[in-house]
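Trainee: Just dropping this structure here.
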Amino acid sequence: IEHIMGEDLDKGYTLNIGNLILLTKKLNNEAGDSEYLIKRDTYKKAKNILVEELLEKYPDTFDKETIKERAKELSEYCYNNIISVDLGL
């Protein structure tokens with residue numbers, strides 16, 4: 001699991017779902033603790049639709065507000081497409 005913004009953020013953001021993406025171990029290591037603008041080049045190598053969507057939606061910046069926005073979008077997606085379907089809501 002890759003932390004888009006470094007792990008030096010406060011815990012409320014570091015472990016927030018909006019700050020996390022799935023990468024292979026190799027790409028995660030390559031991304032390291034670089035700034036988002038540098039990490040994008042590594043992310044482009046990922047064969048993952050969620051990473052592609054991240055790069056498309058946030059081509060230039062990724063900050064605390066972006067983390068909150070992305071967390072809200074991901075939670076709504078999970079609720080609407082997974083939880084409510086499983087519960088028949």
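FYI, nothing fancy with the structure tokens labels: chains A, B, ... in order, residues from 1 per chain, ligands from 1 as they appear.
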Quick one: pick out all helix (DSSP H, G or I) residues within range 16-84 of chain A from a backbone DSSP run and write them as an NGL selection string.

Mentor: :A and (17-19 or 25-31 or 36-43 or 49-57 or 64-84)

Trainee: Extract, using only C-alpha atoms, all DNA, RNA and protein residues at most 12 Å from Ala71 in chain A, discarding same-chain residues fewer than 2 positions from it, and format them as a PyMOL selection string.

Mentor: chain A and resi 12-21+54+64-69+73-78

Trainee: Taking only C-alpha atoms into account, name the residue in A:Glu2, A:Tyr79, A:Leu87, A:Leu23 that is nearest to Ile49 in chain A.

Mentor: A:Leu23

Trainee: Do a neighbour search on Tyr43 in chain A at 12 Å with only C-alpha atoms, toss out local chain neighbours closer than 2 positions, and write the hits as number ranges by chain.

Mentor: A: 2-4, 21-24, 26-32, 34, 36-41, 45-56, 59

Trainee: Keeping only N, CA, C and O atoms, write those residues as a CSV table (one decimal), in the first residue's frame.

Mentor:
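result01.csv, written as the output of this step:
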chain,number,residue,atom,x,y,z
A,2,GLU,N,0.7,2.1,-0.9
A,2,GLU,CA,1.4,3.3,-1.1
A,2,GLU,C,0.7,4.5,-0.4
A,2,GLU,O,-0.5,4.7,-0.6
A,3,HIS,N,1.5,5.3,0.3
A,3,HIS,CA,1.0,6.5,0.9
A,3,HIS,C,1.3,7.6,-0.2
A,3,HIS,O,2.5,7.9,-0.4
A,4,ILE,N,0.3,8.2,-0.7
A,4,ILE,CA,0.5,9.2,-1.8
A,4,ILE,C,1.3,10.4,-1.2
A,4,ILE,O,2.3,10.8,-1.8
A,21,ILE,N,-3.0,4.1,-2.1
A,21,ILE,CA,-3.3,3.4,-3.4
A,21,ILE,C,-2.5,2.1,-3.3
A,21,ILE,O,-1.6,2.0,-2.6
A,22,LEU,N,-3.0,1.2,-4.2
A,22,LEU,CA,-2.3,-0.1,-4.3
A,22,LEU,C,-1.3,0.0,-5.4
A,22,LEU,O,-1.6,0.3,-6.5
A,23,LEU,N,-0.1,-0.4,-5.0
A,23,LEU,CA,1.0,-0.5,-6.0
A,23,LEU,C,1.8,-1.8,-5.7
A,23,LEU,O,1.7,-2.3,-4.6
A,24,THR,N,2.4,-2.3,-6.7
A,24,THR,CA,3.3,-3.4,-6.5
A,24,THR,C,4.4,-3.0,-5.6
A,24,THR,O,4.7,-1.8,-5.4
A,26,LYS,N,7.5,-3.3,-5.9
A,26,LYS,CA,8.6,-2.7,-6.7
A,26,LYS,C,8.3,-1.2,-7.0
A,26,LYS,O,9.1,-0.3,-6.7
A,27,LEU,N,7.1,-0.9,-7.4
A,27,LEU,CA,6.7,0.5,-7.7
A,27,LEU,C,6.6,1.3,-6.4
A,27,LEU,O,6.9,2.5,-6.4
A,28,ASN,N,6.1,0.7,-5.3
A,28,ASN,CA,6.0,1.4,-4.0
A,28,ASN,C,7.4,1.8,-3.6
A,28,ASN,O,7.6,2.9,-3.1
A,29,ASN,N,8.4,0.9,-3.7
A,29,ASN,CA,9.7,1.2,-3.3
A,29,ASN,C,10.3,2.3,-4.2
A,29,ASN,O,11.0,3.2,-3.7
A,30,GLU,N,10.0,2.2,-5.5
A,30,GLU,CA,10.5,3.2,-6.4
A,30,GLU,C,9.9,4.6,-6.1
A,30,GLU,O,10.6,5.6,-6.2
A,31,ALA,N,8.6,4.7,-5.7
A,31,ALA,CA,8.0,5.9,-5.4
A,31,ALA,C,8.6,6.5,-4.1
A,31,ALA,O,8.8,7.8,-4.0
A,32,GLY,N,9.0,5.7,-3.2
A,32,GLY,CA,9.7,6.1,-2.0
A,32,GLY,C,8.9,7.3,-1.3
A,32,GLY,O,7.7,7.3,-1.2
A,34,SER,N,9.1,10.5,-2.2
A,34,SER,CA,9.2,11.6,-3.1
A,34,SER,C,7.9,12.5,-3.0
A,34,SER,O,6.9,12.0,-2.5
A,36,TYR,N,4.6,14.3,-4.6
A,36,TYR,CA,3.6,13.8,-5.6
A,36,TYR,C,4.0,14.0,-7.0
A,36,TYR,O,3.9,13.1,-7.8
A,37,LEU,N,4.5,15.2,-7.3
A,37,LEU,CA,4.8,15.5,-8.7
A,37,LEU,C,5.9,14.5,-9.3
A,37,LEU,O,5.9,14.2,-10.5
A,38,ILE,N,6.8,14.1,-8.4
A,38,ILE,CA,7.8,13.1,-8.8
A,38,ILE,C,7.2,11.7,-8.8
A,38,ILE,O,7.6,10.9,-9.7
A,39,LYS,N,6.4,11.4,-7.9
A,39,LYS,CA,5.8,10.0,-7.8
A,39,LYS,C,4.9,9.7,-9.0
A,39,LYS,O,4.8,8.6,-9.4
A,40,ARG,N,4.4,10.8,-9.6
A,40,ARG,CA,3.5,10.5,-10.8
A,40,ARG,C,4.1,9.7,-11.8
A,40,ARG,O,3.5,8.8,-12.4
A,41,ASP,N,5.4,9.9,-12.1
A,41,ASP,CA,6.1,9.1,-13.1
A,41,ASP,C,6.1,7.7,-12.8
A,41,ASP,O,6.0,6.8,-13.6
A,45,LYS,N,3.5,3.9,-14.4
A,45,LYS,CA,3.9,2.5,-14.7
A,45,LYS,C,3.0,1.5,-14.2
A,45,LYS,O,3.0,0.3,-14.6
A,46,ALA,N,2.1,1.8,-13.3
A,46,ALA,CA,1.1,0.9,-12.6
A,46,ALA,C,0.1,0.5,-13.6
A,46,ALA,O,-0.4,1.3,-14.4
A,47,LYS,N,-0.3,-0.7,-13.6
A,47,LYS,CA,-1.4,-1.3,-14.4
A,47,LYS,C,-2.6,-1.4,-13.6
A,47,LYS,O,-3.1,-2.5,-13.3
A,48,ASN,N,-3.1,-0.3,-13.1
A,48,ASN,CA,-4.2,-0.3,-12.1
A,48,ASN,C,-5.2,0.8,-12.4
A,48,ASN,O,-4.7,2.0,-12.4
A,49,ILE,N,-6.4,0.5,-12.6
A,49,ILE,CA,-7.4,1.5,-13.0
A,49,ILE,C,-7.5,2.6,-11.9
A,49,ILE,O,-7.7,3.8,-12.3
A,50,LEU,N,-7.4,2.3,-10.7
A,50,LEU,CA,-7.6,3.3,-9.6
A,50,LEU,C,-6.4,4.3,-9.7
A,50,LEU,O,-6.6,5.4,-9.4
A,51,VAL,N,-5.2,3.8,-10.0
A,51,VAL,CA,-4.1,4.7,-10.1
A,51,VAL,C,-4.2,5.6,-11.3
A,51,VAL,O,-4.0,6.8,-11.3
A,52,GLU,N,-4.7,5.0,-12.4
A,52,GLU,CA,-4.9,5.8,-13.6
A,52,GLU,C,-6.0,6.9,-13.4
A,52,GLU,O,-5.8,8.0,-13.8
A,53,GLU,N,-7.0,6.5,-12.7
A,53,GLU,CA,-8.0,7.5,-12.3
A,53,GLU,C,-7.5,8.6,-11.4
A,53,GLU,O,-7.8,9.8,-11.5
A,54,LEU,N,-6.6,8.2,-10.5
A,54,LEU,CA,-6.0,9.2,-9.6
A,54,LEU,C,-5.2,10.2,-10.4
A,54,LEU,O,-5.3,11.4,-10.2
A,55,LEU,N,-4.4,9.7,-11.3
A,55,LEU,CA,-3.5,10.6,-12.1
A,55,LEU,C,-4.4,11.5,-13.0
A,55,LEU,O,-4.0,12.6,-13.3
A,56,GLU,N,-5.5,11.0,-13.5
A,56,GLU,CA,-6.4,11.7,-14.4
A,56,GLU,C,-7.0,12.9,-13.6
A,56,GLU,O,-7.1,14.0,-14.1
A,59,PRO,N,-3.9,15.6,-11.7
A,59,PRO,CA,-2.6,15.6,-12.5
A,59,PRO,C,-1.5,16.5,-11.9
A,59,PRO,O,-0.3,16.2,-12.2

Trainee: Pick out each residue of chain A that DSSP on the backbone tags as strand (DSSP E or B); I need them as a list in words.

Mentor: Glu2, His3, Leu20 and Ile21 of chain A

Trainee: For those residues, write C-alpha atoms to a file as a CSV table (one decimal), in the first residue's frame.

Mentor:
chain,number,residue,atom,x,y,z
A,2,GLU,CA,1.4,3.3,-1.1
A,3,HIS,CA,1.0,6.5,0.9
A,20,LEU,CA,-3.6,5.3,-0.1
A,21,ILE,CA,-3.3,3.4,-3.4
